[in-house]
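Engineer: File coords_37.txt follows (compact mmCIF, C-alpha atoms and all ligand atoms):
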# COMPACT_ATOMS: atom_id res chain seq x y z
CA MET X 1 0.00 0.00 0.00
CA ASN X 2 1.28 3.46 -0.90
CA ARG X 3 1.48 5.64 2.22
CA VAL X 4 3.71 8.45 0.95
CA GLN X 5 1.50 11.29 2.14
CA SER X 6 0.83 9.65 5.50
CA ASP X 7 4.55 9.20 6.04
CA GLN X 8 5.21 12.86 5.16
CA LEU X 9 2.55 14.02 7.60
CA PHE X 10 3.94 11.76 10.32
CA THR X 11 7.45 13.14 9.83
CA GLU X 12 6.10 16.65 10.29
CA ALA X 13 3.86 15.61 13.21
CA LEU X 14 6.89 14.19 15.04
CA GLN X 15 8.42 17.67 15.04
CA TYR X 16 5.51 19.31 16.82
CA ILE X 17 3.53 16.62 18.67
CA PRO X 18 5.10 14.21 21.20
CA GLY X 19 5.37 10.89 19.39
CA GLY X 20 3.49 12.49 16.50
CA VAL X 21 0.09 11.67 18.01
CA ASN X 22 -2.45 13.07 20.41
CA SER X 23 -3.08 9.71 22.11
CA PRO X 24 -0.29 7.13 22.46
CA VAL X 25 -1.84 3.97 21.00
CA ARG X 26 -2.29 5.74 17.65
CA ALA X 27 1.48 5.88 17.17
CA PHE X 28 1.60 2.17 16.13
CA ARG X 29 4.51 1.58 18.49
CA ALA X 30 2.98 -1.71 19.60
CA VAL X 31 2.89 -3.05 16.05
CA GLY X 32 5.78 -1.19 14.42
CA GLY X 33 5.71 1.09 11.39
CA ASN X 34 4.08 4.49 11.02
CA PRO X 35 0.45 5.35 11.62
CA PHE X 36 -1.60 6.38 8.60
CA PHE X 37 -3.54 9.65 8.44
CA VAL X 38 -7.25 9.61 7.67
CA ASN X 39 -9.15 12.40 5.96
CA ARG X 40 -12.48 10.72 5.18
CA ALA X 41 -14.75 8.11 6.71
CA SER X 42 -18.18 6.80 5.80
CA GLY X 43 -20.14 3.79 7.04
CA SER X 44 -17.81 0.87 7.74
CA ARG X 45 -14.94 2.44 5.76
CA ILE X 46 -12.11 4.91 6.32
CA TRP X 47 -9.81 6.37 3.65
CA ASP X 48 -6.27 7.47 4.32
CA VAL X 49 -4.71 10.57 2.79
CA ASP X 50 -3.10 8.39 0.08
CA GLY X 51 -6.54 7.17 -0.98
CA ASN X 52 -6.36 3.65 0.51
CA GLU X 53 -9.74 2.28 1.59
CA LEU X 54 -10.00 0.19 4.76
CA ILE X 55 -12.78 -1.71 6.55
CA ASP X 56 -12.62 -0.12 9.97
CA TYR X 57 -12.98 -2.10 13.21
CA VAL X 58 -11.62 0.64 15.45
CA LEU X 59 -14.55 2.98 14.77
CA THR X 60 -12.84 5.93 16.47
CA TRP X 61 -12.33 3.57 19.45
CA GLY X 62 -16.00 2.75 19.82
CA PRO X 63 -18.23 5.80 19.34
CA ALA X 64 -19.17 5.20 15.67
CA ILE X 65 -21.70 2.47 16.42
CA LEU X 66 -23.79 3.55 13.39
CA GLY X 67 -20.68 3.64 11.23
CA HIS X 68 -18.86 6.81 10.24
CA ALA X 69 -20.53 10.07 9.19
CA HIS X 70 -24.07 8.84 9.71
CA PRO X 71 -26.39 11.33 7.95
CA ARG X 72 -28.56 11.82 11.03
CA ILE X 73 -25.55 12.79 13.15
CA ILE X 74 -24.09 15.07 10.49
CA ALA X 75 -27.43 16.87 10.09
CA ALA X 76 -27.80 17.27 13.86
CA VAL X 77 -24.28 18.66 14.23
CA LYS X 78 -24.78 21.16 11.39
CA ALA X 79 -28.14 22.31 12.76
CA ALA X 80 -26.79 22.74 16.29
CA ALA X 81 -23.60 24.51 15.17
CA GLU X 82 -25.62 27.04 13.13
CA LEU X 83 -27.21 28.15 16.41
CA GLY X 84 -23.95 28.53 18.33
CA THR X 85 -21.18 26.17 19.35
CA SER X 86 -21.22 26.74 23.12
CA PHE X 87 -23.31 28.77 25.52
CA GLY X 88 -21.89 28.08 29.00
CA ILE X 89 -25.46 28.13 30.36
CA PRO X 90 -28.03 25.31 30.19
CA ASN X 91 -29.36 24.32 26.78
CA PRO X 92 -32.37 22.14 25.93
CA HIS X 93 -30.33 19.24 24.46
CA GLU X 94 -28.86 18.54 27.90
CA VAL X 95 -32.28 17.82 29.34
CA THR X 96 -33.22 15.52 26.47
CA MET X 97 -29.92 13.68 26.81
CA ALA X 98 -30.29 13.26 30.59
CA ARG X 99 -33.87 12.02 30.21
CA LEU X 100 -32.85 9.53 27.54
CA ILE X 101 -29.98 8.11 29.59
CA CYS X 102 -32.18 7.79 32.70
CA GLN X 103 -34.90 6.14 30.62
CA TRP X 104 -32.65 3.49 29.07
CA VAL X 105 -30.35 2.83 32.01
CA PRO X 106 -32.66 2.27 34.99
CA SER X 107 -29.86 2.40 37.60
CA VAL X 108 -29.30 6.01 36.55
CA GLN X 109 -31.81 8.32 38.21
CA LYS X 110 -29.71 11.43 37.68
CA VAL X 111 -26.80 12.07 35.37
CA ARG X 112 -24.21 14.74 34.77
CA MET X 113 -22.42 15.29 31.45
CA THR X 114 -18.67 15.71 31.06
CA SER X 115 -16.40 16.10 28.02
CA SER X 116 -14.64 12.71 28.21
CA GLY X 117 -14.77 9.29 29.79
CA THR X 118 -11.69 10.15 31.84
CA GLU X 119 -13.51 13.07 33.45
CA ALA X 120 -16.55 10.90 34.07
CA CYS X 121 -14.51 8.25 35.92
CA MET X 122 -12.51 10.82 37.85
CA SER X 123 -15.74 12.48 38.99
CA ALA X 124 -17.47 9.19 39.84
CA ILE X 125 -14.57 8.22 42.10
CA ARG X 126 -14.65 11.59 43.86
CA LEU X 127 -18.39 11.29 44.32
CA ALA X 128 -18.12 7.75 45.70
CA ARG X 129 -15.54 8.95 48.21
CA GLY X 130 -17.59 12.02 49.12
CA PHE X 131 -20.80 10.03 49.54
CA THR X 132 -19.34 7.20 51.61
CA LYS X 133 -16.81 9.40 53.46
CA ARG X 134 -14.24 6.67 52.80
CA ASP X 135 -11.03 6.80 50.78
CA LYS X 136 -10.18 3.39 49.36
CA ILE X 137 -11.12 2.30 45.86
CA ILE X 138 -10.74 -1.17 44.38
CA LYS X 139 -9.90 -1.46 40.69
CA PHE X 140 -8.84 -4.41 38.57
CA ASP X 141 -5.69 -5.45 36.74
CA GLY X 142 -5.82 -4.33 33.11
CA CYS X 143 -8.95 -2.21 33.53
CA TYR X 144 -8.53 1.31 32.23
CA HIS X 145 -10.66 4.18 33.47
CA GLY X 146 -9.03 7.03 31.60
CA HIS X 147 -5.82 8.75 32.59
CA VAL X 148 -6.98 9.68 36.10
CA ASP X 149 -4.03 9.87 38.53
CA SER X 150 -5.44 7.54 41.16
CA LEU X 151 -6.64 5.00 38.57
CA LEU X 152 -3.47 4.69 36.47
CA VAL X 153 -2.42 1.71 38.52
CA ARG X 154 -1.94 -1.57 36.67
CA ALA X 155 -4.07 0.07 34.01
CA GLY X 156 -4.92 -1.22 30.55
CA SER X 157 -5.03 0.41 27.10
CA GLY X 158 -1.99 2.47 26.08
CA ALA X 159 -0.56 2.29 29.61
CA LEU X 160 -0.35 -1.47 29.29
CA THR X 161 0.57 -1.47 25.61
CA PHE X 162 3.66 0.60 26.29
CA GLY X 163 4.63 -1.20 29.47
CA HIS X 164 3.81 1.64 31.87
CA PRO X 165 0.66 0.40 33.61
CA ASP X 166 1.72 2.64 36.52
CA SER X 167 2.46 6.05 35.00
CA ALA X 168 5.40 8.24 35.95
CA GLY X 169 4.42 11.65 37.29
CA ILE X 170 1.91 10.37 39.82
CA PRO X 171 3.03 10.81 43.44
CA ALA X 172 2.71 7.60 45.48
CA ALA X 173 0.41 9.47 47.83
CA PHE X 174 -2.13 9.85 45.02
CA THR X 175 -2.49 6.10 44.60
CA GLN X 176 -2.13 4.97 48.20
CA HIS X 177 -5.88 4.47 48.44
CA THR X 178 -6.13 2.46 45.22
CA ILE X 179 -6.20 -1.29 45.76
CA VAL X 180 -5.79 -3.52 42.71
CA ALA X 181 -7.27 -7.00 42.35
CA PRO X 182 -7.12 -9.56 39.55
CA TYR X 183 -10.30 -9.59 37.44
CA ASN X 184 -12.65 -12.58 37.87
CA ASP X 185 -11.00 -13.49 41.19
CA VAL X 186 -13.60 -13.73 43.98
CA ALA X 187 -11.16 -14.65 46.74
CA ALA X 188 -8.97 -11.58 46.08
CA VAL X 189 -11.87 -9.16 46.53
CA LYS X 190 -13.09 -10.99 49.65
CA ALA X 191 -9.61 -10.67 51.14
CA ILE X 192 -9.50 -6.91 50.44
CA PHE X 193 -12.84 -6.37 52.15
CA ALA X 194 -11.77 -8.56 55.06
CA ALA X 195 -8.69 -6.39 55.52
CA ASN X 196 -10.64 -3.12 55.10
CA PRO X 197 -14.17 -3.87 56.36
CA ASP X 198 -15.26 -0.21 56.62
CA GLY X 199 -12.69 1.50 54.45
CA ILE X 200 -13.75 0.82 50.87
CA ALA X 201 -15.60 3.67 49.16
CA GLY X 202 -16.25 1.63 46.06
CA ILE X 203 -15.25 -0.77 43.36
CA ILE X 204 -14.76 0.61 39.86
CA ILE X 205 -14.84 -1.97 37.10
CA GLU X 206 -15.28 -2.31 33.38
CA PRO X 207 -17.99 -4.98 33.58
CA VAL X 208 -16.65 -6.36 30.30
CA PRO X 209 -13.01 -5.24 30.20
CA GLY X 210 -12.12 -3.88 26.76
CA ASN X 211 -8.77 -2.27 27.48
CA ALA X 212 -6.63 -5.38 27.66
CA GLY X 213 -8.22 -6.86 24.56
CA LEU X 214 -11.60 -8.27 25.59
CA TYR X 215 -12.59 -10.77 28.23
CA LEU X 216 -15.85 -11.48 29.95
CA PRO X 217 -17.04 -11.78 33.54
CA GLN X 218 -17.28 -15.39 34.70
CA PRO X 219 -20.84 -16.45 35.62
CA GLY X 220 -21.73 -15.02 39.04
CA TYR X 221 -18.74 -12.66 39.26
CA LEU X 222 -20.59 -9.37 38.77
CA GLU X 223 -23.37 -10.62 41.08
CA PHE X 224 -20.70 -11.32 43.71
CA LEU X 225 -19.31 -7.79 43.38
CA ARG X 226 -22.82 -6.38 43.74
CA GLU X 227 -23.42 -8.38 46.91
CA ILE X 228 -20.11 -7.71 48.61
CA THR X 229 -20.22 -3.96 47.96
CA ALA X 230 -23.80 -3.73 49.24
CA ALA X 231 -22.90 -5.77 52.33
CA HIS X 232 -20.04 -3.36 53.19
CA GLY X 233 -21.73 -0.06 52.35
CA ALA X 234 -19.38 0.45 49.38
CA LEU X 235 -20.51 1.63 45.96
CA LEU X 236 -20.33 -0.44 42.80
CA ILE X 237 -19.25 1.72 39.87
CA PHE X 238 -19.61 0.33 36.37
CA ASP X 239 -17.33 1.98 33.84
CA GLU X 240 -19.53 1.66 30.77
CA VAL X 241 -17.52 4.10 28.66
CA MET X 242 -17.02 1.32 26.09
CA THR X 243 -20.01 -0.90 26.83
CA GLY X 244 -22.72 1.72 27.46
CA PHE X 245 -25.43 1.69 24.77
CA ARG X 246 -23.24 -0.82 22.90
CA LEU X 247 -23.73 -4.22 24.55
CA ALA X 248 -27.44 -3.46 24.94
CA ARG X 249 -29.54 -0.31 25.15
CA GLY X 250 -28.88 -0.35 28.89
CA GLY X 251 -25.23 -1.40 28.44
CA ALA X 252 -23.46 -4.27 30.20
CA GLN X 253 -25.64 -3.77 33.26
CA GLU X 254 -28.71 -4.67 31.21
CA ARG X 255 -26.94 -7.56 29.48
CA PHE X 256 -25.79 -9.06 32.79
CA GLN X 257 -28.77 -7.85 34.86
CA ILE X 258 -26.76 -6.04 37.53
CA THR X 259 -27.72 -2.71 39.12
CA PRO X 260 -24.62 -0.65 39.94
CA ASP X 261 -24.76 2.41 42.19
CA LEU X 262 -22.93 4.65 39.72
CA SER X 263 -22.10 4.29 36.03
CA THR X 264 -19.80 6.17 33.71
CA PHE X 265 -20.32 6.67 29.99
CA GLY X 266 -18.57 8.11 26.95
CA LYS X 267 -17.89 7.10 23.34
CA VAL X 268 -21.34 6.08 21.95
CA ILE X 269 -23.21 8.79 23.87
CA GLY X 270 -21.15 11.43 22.06
CA GLY X 271 -21.69 10.15 18.52
CA GLY X 272 -18.04 10.98 17.73
CA LEU X 273 -17.86 14.28 19.60
CA PRO X 274 -16.10 14.63 22.98
CA VAL X 275 -18.70 13.56 25.55
CA GLY X 276 -18.72 11.66 28.82
CA ALA X 277 -21.27 11.26 31.60
CA PHE X 278 -21.67 9.77 35.03
CA GLY X 279 -24.89 8.97 36.79
CA GLY X 280 -26.61 6.77 39.33
CA ARG X 281 -28.88 6.78 42.34
CA ALA X 282 -30.36 10.20 43.02
CA GLU X 283 -29.28 10.26 46.68
CA ILE X 284 -25.67 9.79 45.57
CA MET X 285 -25.80 12.18 42.61
CA ASP X 286 -27.35 14.87 44.83
CA CYS X 287 -24.08 15.05 46.76
CA LEU X 288 -22.69 16.97 43.76
CA ALA X 289 -22.36 20.75 43.85
CA PRO X 290 -24.48 22.88 43.86
CA LEU X 291 -26.69 20.53 45.94
CA GLY X 292 -23.90 18.90 47.92
CA PRO X 293 -20.25 19.19 48.90
CA VAL X 294 -18.62 17.19 46.07
CA TYR X 295 -17.30 19.66 43.50
CA GLN X 296 -17.29 18.92 39.78
CA ALA X 297 -17.57 21.25 36.80
CA GLY X 298 -16.72 21.75 33.12
CA THR X 299 -16.80 24.68 30.68
CA LEU X 300 -17.90 22.49 27.78
CA SER X 301 -19.97 19.96 29.74
CA GLY X 302 -23.34 19.52 28.02
CA ASN X 303 -22.05 21.39 24.98
CA PRO X 304 -24.96 21.83 22.53
CA VAL X 305 -23.17 20.51 19.44
CA ALA X 306 -21.83 17.48 21.30
CA MET X 307 -25.25 16.81 22.84
CA ALA X 308 -26.93 17.06 19.44
CA ALA X 309 -24.47 14.54 17.96
CA GLY X 310 -24.86 12.15 20.88
CA LEU X 311 -28.64 12.40 20.85
CA ALA X 312 -28.79 11.71 17.12
CA ASN X 313 -26.57 8.65 17.64
CA LEU X 314 -28.68 7.31 20.50
CA GLN X 315 -32.04 8.05 18.93
CA GLU X 316 -31.09 6.31 15.69
CA LEU X 317 -29.62 3.39 17.63
CA LEU X 318 -32.65 2.98 19.82
CA ALA X 319 -35.10 3.19 16.94
CA GLY X 320 -35.01 -0.61 16.58
CA GLY X 321 -33.20 -3.51 14.99
CA ALA X 322 -29.70 -2.22 15.62
CA TYR X 323 -28.73 -4.55 18.44
CA GLU X 324 -29.99 -7.67 16.68
CA HIS X 325 -27.85 -6.71 13.66
CA LEU X 326 -24.78 -6.07 15.83
CA GLU X 327 -25.19 -9.37 17.69
CA ALA X 328 -25.51 -11.29 14.41
CA LEU X 329 -22.36 -9.64 13.03
CA GLY X 330 -20.48 -10.48 16.23
CA ARG X 331 -21.47 -14.16 15.97
CA GLN X 332 -20.55 -14.27 12.28
CA LEU X 333 -17.15 -12.73 12.95
CA GLN X 334 -16.40 -15.04 15.87
CA SER X 335 -17.28 -18.27 14.08
CA GLY X 336 -15.49 -17.14 10.90
CA MET X 337 -12.32 -16.20 12.76
CA GLN X 338 -12.34 -19.37 14.82
CA ASP X 339 -12.69 -21.48 11.65
CA ALA X 340 -9.94 -19.50 9.90
CA ALA X 341 -7.54 -19.97 12.84
CA ARG X 342 -8.36 -23.68 13.14
CA SER X 343 -7.77 -24.38 9.48
CA ALA X 344 -4.51 -22.37 9.55
CA GLY X 345 -3.39 -24.33 12.61
CA VAL X 346 -2.75 -21.11 14.58
CA PRO X 347 -3.82 -21.06 18.23
CA VAL X 348 -6.27 -18.17 18.61
CA THR X 349 -8.75 -17.42 21.38
CA PHE X 350 -11.36 -15.16 19.83
CA ASN X 351 -13.48 -13.48 22.52
CA THR X 352 -16.63 -11.58 21.65
CA CYS X 353 -19.39 -9.88 23.56
CA GLY X 354 -22.07 -8.52 21.23
CA SER X 355 -20.33 -6.03 18.96
CA MET X 356 -16.97 -6.05 20.80
CA PHE X 357 -14.22 -8.55 20.06
CA CYS X 358 -10.56 -9.48 20.47
CA GLY X 359 -8.42 -12.30 19.09
CA TYR X 360 -5.54 -13.46 21.28
CA PHE X 361 -2.75 -15.62 19.89
CA THR X 362 -2.95 -18.23 22.62
CA ASP X 363 -4.85 -21.46 23.27
CA GLY X 364 -6.67 -19.65 26.06
CA PRO X 365 -9.06 -19.37 27.68
CA VAL X 366 -8.58 -15.64 28.38
CA HIS X 367 -10.44 -14.55 31.53
CA ASN X 368 -8.10 -11.94 32.97
CA LEU X 369 -4.97 -9.88 32.36
CA ASP X 370 -2.54 -12.72 33.11
CA ASP X 371 -4.28 -14.87 30.48
CA ALA X 372 -4.25 -11.97 28.00
CA MET X 373 -0.50 -11.49 28.52
CA LYS X 374 0.08 -15.04 27.24
CA SER X 375 -0.86 -13.90 23.72
CA ASP X 376 2.01 -14.11 21.23
CA ARG X 377 2.44 -10.41 20.48
CA ASN X 378 4.88 -10.96 17.64
CA ARG X 379 2.23 -12.98 15.88
CA PHE X 380 -0.29 -10.23 16.59
CA LYS X 381 2.02 -7.65 14.95
CA ARG X 382 2.39 -9.74 11.81
CA PHE X 383 -1.35 -10.42 11.74
CA PHE X 384 -2.14 -6.70 12.18
CA HIS X 385 0.08 -5.67 9.27
CA GLY X 386 -1.15 -8.51 7.07
CA MET X 387 -4.74 -7.42 7.66
CA LEU X 388 -3.87 -3.78 7.01
CA GLU X 389 -2.32 -4.70 3.67
CA ALA X 390 -5.51 -6.66 2.92
CA GLY X 391 -7.61 -3.53 3.57
CA VAL X 392 -8.77 -4.28 7.13
CA TYR X 393 -7.95 -1.92 10.00
CA LEU X 394 -7.81 -3.52 13.46
CA ALA X 395 -6.74 -1.72 16.64
CA PRO X 396 -2.94 -1.31 16.54
CA SER X 397 -2.44 -3.06 19.87
CA GLN X 398 -3.14 -6.52 21.26
CA PHE X 399 -4.61 -4.79 24.30
CA GLU X 400 -7.57 -3.00 22.72
CA ALA X 401 -11.01 -4.27 21.77
CA GLY X 402 -12.37 -4.23 18.23
CA PHE X 403 -15.81 -2.80 17.47
CA LEU X 404 -18.60 -3.45 14.98
CA SER X 405 -21.14 -0.95 13.70
CA THR X 406 -24.60 -1.20 12.20
CA ALA X 407 -22.98 -0.03 8.94
CA HIS X 408 -20.91 -3.23 8.73
CA SER X 409 -22.52 -5.83 6.51
CA PRO X 410 -22.28 -9.62 6.47
CA ALA X 411 -20.27 -9.13 3.26
CA ASP X 412 -17.74 -6.96 5.17
CA ILE X 413 -17.36 -9.74 7.70
CA ASP X 414 -16.93 -12.35 4.94
CA LYS X 415 -14.23 -10.22 3.34
CA THR X 416 -12.51 -9.78 6.71
CA VAL X 417 -12.62 -13.49 7.52
CA SER X 418 -11.23 -14.42 4.08
CA ALA X 419 -8.39 -11.94 4.57
CA ALA X 420 -7.75 -13.34 8.06
CA ALA X 421 -7.65 -16.90 6.72
CA ARG X 422 -4.98 -15.88 4.20
CA VAL X 423 -2.95 -13.89 6.72
CA LEU X 424 -3.14 -16.58 9.40
CA ARG X 425 -1.87 -19.19 6.95
CA SER X 426 1.13 -16.96 6.21
CA LEU X 427 2.14 -16.42 9.87
N1 LIG I 1 -8.00 4.88 25.31
C1 LIG I 1 -8.44 4.59 23.99
C2 LIG I 1 -8.66 3.16 23.75
N2 LIG I 1 -8.89 2.34 24.83
C3 LIG I 1 -7.48 5.11 22.96
C4 LIG I 1 -7.97 6.36 22.43
C5 LIG I 1 -7.17 6.91 21.27
O1 LIG I 1 -5.99 6.65 21.18
O2 LIG I 1 -7.76 7.60 20.47
Could I get this file's structure written as structure tokens?
Structural biologist:
Amino acid sequence: MNRVQSDQLFTEALQYIPGGVNSPVRAFRAVGGNPFFVNRASGSRIWDVDGNELIDYVLTWGPAILGHAHPRIIAAVKAAAELGTSFGIPNPHEVTMARLICQWVPSVQKVRMTSSGTEACMSAIRLARGFTKRDKIIKFDGCYHGHVDSLLVRAGSGALTFGHPDSAGIPAAFTQHTIVAPYNDVAAVKAIFAANPDGIAGIIIEPVPGNAGLYLPQPGYLEFLREITAAHGALLIFDEVMTGFRLARGGAQERFQITPDLSTFGKVIGGGLPVGAFGGRAEIMDCLAPLGPVYQAGTLSGNPVAMAAGLANLQELLAGGAYEHLEALGRQLQSGMQDAARSAGVPVTFNTCGSMFCGYFTDGPVHNLDDAMKSDRNRFKRFFHGMLEAGVYLAPSQFEAGFLSTAHSPADIDKTVSAAARVLRSL
């Protein structure tokens, strides 16, 4: 593939932007080579500046659940922008958005908008601590909740990809109240509560972790977390930044029938614009300023253009049929990839949950970070580049989930599986 213009742009970007990118995973360091630059996207496709067309399974890291540049979102953004790009005072879209989230996610009785998932998680943690008047938070190995100081401990996503799951620049004092447990390990969480019976403010968890690839909760695990937090007066916080409105209308909590105390959102609820949100039980949310003592704010929170984009995304998604289509695509991709790996004789564990997926180059199973780390990353690199040459863009890291959109067709999946079969045979 010719990438002359992308390479020129990257050379220039390296002069002015650290690593040439505005978010580390985009730099392709985990897979080698240079990133490509995109100047157009539509439906299931992106085009780079050299004119190469790719089937996209990154989907701007999750938000583009309807595919890229959906006409309803583009129209909503144009209409909102014509009326002003930011007011700094309430606007009607915020109320519609809040009502819609509360309607579709029953655990959320009140919600506040932010500009990113990182902000949402940071604020949810502060609120949990303020509400419970306790300091300690439990998080899990490989889970990523944005680049919040106290949560960048054994974190996933780029932190894990680049071997810095505990970031430099964070004083030890900022993470002294963060306790890390292995995911899917009941005994570990019981031991933490036994050692800190009245000290845990809450557990924050990606109910389906998508920042170390993708693995699922074992049967009963999320129920256990619900019970043990309730028994100890701690809050259960579901980070649904990836899974919210994706794994079901009501997110992972609907899919697994668990009611968390607080939830965080992002990605899909912004329709491709910078949006996050956190919400939950009214008595907890009412501890936020101006009603309560927990401070949280944002100049662009509830921004009218971002709200319009997010609302258009959600309204189109909720109109009907979308989730059935996404589930069917997920099943087709999983069985196709498993067959392709089997016939190529390459050990692959291909995990899916609805429209999220990850293939690990290991016999598996993959239930937690330690299992995920067993994947042969050299094989992943060669597979990634082989797929890219075949016109398929996967996340440029073993430790990120892939995403499907309603714009992907069964024919896209067939093309992807055929390419994978060829690439796997060549590994
Ligand atoms: N944290 C994002 C994926 N888990 C990466 C975002 C980006 O690089 O754009």
Engineer: Determine the nearest neighbour of ligand LIG 1 (chain I) from the options X:Ala282, X:Ala319, X:Val148, X:Val348, counting all atoms listed in the file.
Structural biologist: X:Val148
Engineer: Would you mind listing what lies within 8 Å of Leu214 (chain X) as a list in words, with all atoms listed in the file counted and same-chain residues fewer than 6 positions away left out?
Structural biologist: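 Surrounding residues, per the criterion: Val208, Asn351, Thr352, Met356, Phe357, Cys358, Phe399, Glu400 and Ala401 of chain X.
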Engineer: Can you work out the spacing between CA of Thr259 (chain X) and CA of Thr60 (chain X) in Å, to one decimal?
Structural biologist: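 Computed distance, CA of Thr259 (chain X) to CA of Thr60 (chain X), equals 28.4 Å.
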Engineer: Can you pull out the residues contacting Gly271 (chain X)? Cut-off 9 Å, using only C-alpha atoms, and skip same-chain residues under 4 positions away; I want them as a CSV table (one decimal) with C-alpha atoms, in the coordinates of the input.
Structural biologist:
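As a result, part23.csv now contains:
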chain,number,residue,atom,x,y,z
X,63,PRO,CA,-18.2,5.8,19.3
X,64,ALA,CA,-19.2,5.2,15.7
X,65,ILE,CA,-21.7,2.5,16.4
X,66,LEU,CA,-23.8,3.6,13.4
X,73,ILE,CA,-25.6,12.8,13.2
X,267,LYS,CA,-17.9,7.1,23.3
X,275,VAL,CA,-18.7,13.6,25.6
X,306,ALA,CA,-21.8,17.5,21.3
X,307,MET,CA,-25.2,16.8,22.8
X,308,ALA,CA,-26.9,17.1,19.4
X,309,ALA,CA,-24.5,14.5,18.0
X,310,GLY,CA,-24.9,12.2,20.9
X,311,LEU,CA,-28.6,12.4,20.8
X,312,ALA,CA,-28.8,11.7,17.1
X,313,ASN,CA,-26.6,8.6,17.6
X,314,LEU,CA,-28.7,7.3,20.5
Engineer: Let me see if you get this right: every residue at most 9 Å from ligand LIG 1 (chain I), counting all atoms listed in the file, written as number ranges by chain.
Structural biologist: X: 21-27, 60-62, 144-147, 156-159, 210-212, 242, 395, 399-401
Engineer: Please identify all polymer residues within 10 Å of Glu254 (chain X), counting all atoms listed in the file, omitting same-chain residues fewer than 5 positions from it, and present them as a list in words.
Structural biologist: Trp104, Val105, Pro106, Ser107, Gly244, Phe245, Leu247, Ala248, Arg249 and Thr259 of chain X
Engineer: Could you tell me how far CA of Ser44 (chain X) lies from CA of Ser375 (chain X), in Å and to one decimal?
Structural biologist: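 Separation of CA of Ser44 (chain X) and CA of Ser375 (chain X): 27.6 Å.
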Engineer: Report, in Å with one decimal, the straight-line distance from CA of Leu318 (chain X) to CA of Arg246 (chain X).
Structural biologist: 10.6 Å
Engineer: Rank X:Leu288, X:Tyr323, X:Ala421, X:Ser397 by their smallest atom-to-atom distance to Ala341 (chain X), using all atoms listed in the file, and report the top residue only.
Structural biologist: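 Result for the nearest residue to Ala341 (chain X): X:Ala421.
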Engineer: Measuring between all atoms listed in the file, which one of X:Gln5, X:Asn378, X:Thr406, X:Gln218 shows the shortest distance to Val38 (chain X)?
Structural biologist: X:Gln5
Engineer: Name all residues at most 10 Å from Arg45 (chain X) (count all atoms listed in the file; drop same-chain ones fewer than 2 positions away) and give them as a count of residues only.
Structural biologist: 19
Engineer: Taking 6 positions as the minimum chain separation for residues in the same chain, which residues sit within 9 Å of Leu329 (chain X) when counting only C-alpha atoms? Answer as a count of residues only.
Structural biologist: 9
Engineer: Could you list, with a cut-off of 7 Å and counting only C-alpha atoms, the residues of region 53-145 of chain X near region 178-181 of chain X, each shown with its nearest atom pair and the distance in Å rounded to one decimal, rows sorted by chain and ascending number, as a Markdown table?
Structural biologist:
| residue | atom | partner | partner_atom | distance |
| --- | --- | --- | --- | --- |
| X:Lys136 | CA | X:Thr178 | CA | 5.9 |
| X:Ile137 | CA | X:Thr178 | CA | 5.0 |
| X:Ile138 | CA | X:Ile179 | CA | 4.7 |
| X:Lys139 | CA | X:Val180 | CA | 5.0 |
| X:Phe140 | CA | X:Ala181 | CA | 4.8 |
| X:Asp141 | CA | X:Ala181 | CA | 6.0 |
Engineer: Those selected residues, please, written with C-alpha atoms and delivered as a PDB file, keeping the file's coordinate frame.
Structural biologist:
ATOM      1  CA  LYS X 136     -10.180   3.390  49.360  1.00  0.00           C
ATOM      2  CA  ILE X 137     -11.120   2.300  45.860  1.00  0.00           C
ATOM      3  CA  ILE X 138     -10.740  -1.170  44.380  1.00  0.00           C
ATOM      4  CA  LYS X 139      -9.900  -1.460  40.690  1.00  0.00           C
ATOM      5  CA  PHE X 140      -8.840  -4.410  38.570  1.00  0.00           C
ATOM      6  CA  ASP X 141      -5.690  -5.450  36.740  1.00  0.00           C
TER       7      ASP X 141
END
Engineer: Name the closest residue to Thr85 (chain X) among the candidates X:Met122, X:Asn184, X:Pro347, X:Pro304; distances are taken between atoms, counting all atoms listed in the file.
Structural biologist: X:Pro304
Engineer: Which residue, X:Gly276, X:Ala168, X:Thr132, X:Ala173, has the smallest gap to Gly199 (chain X) when you use all atoms listed in the file?
Structural biologist: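 Checking each of X:Gly276, X:Ala168, X:Thr132, X:Ala173 against Gly199 (chain X), counting all atoms listed in the file, the winner is X:Thr132.
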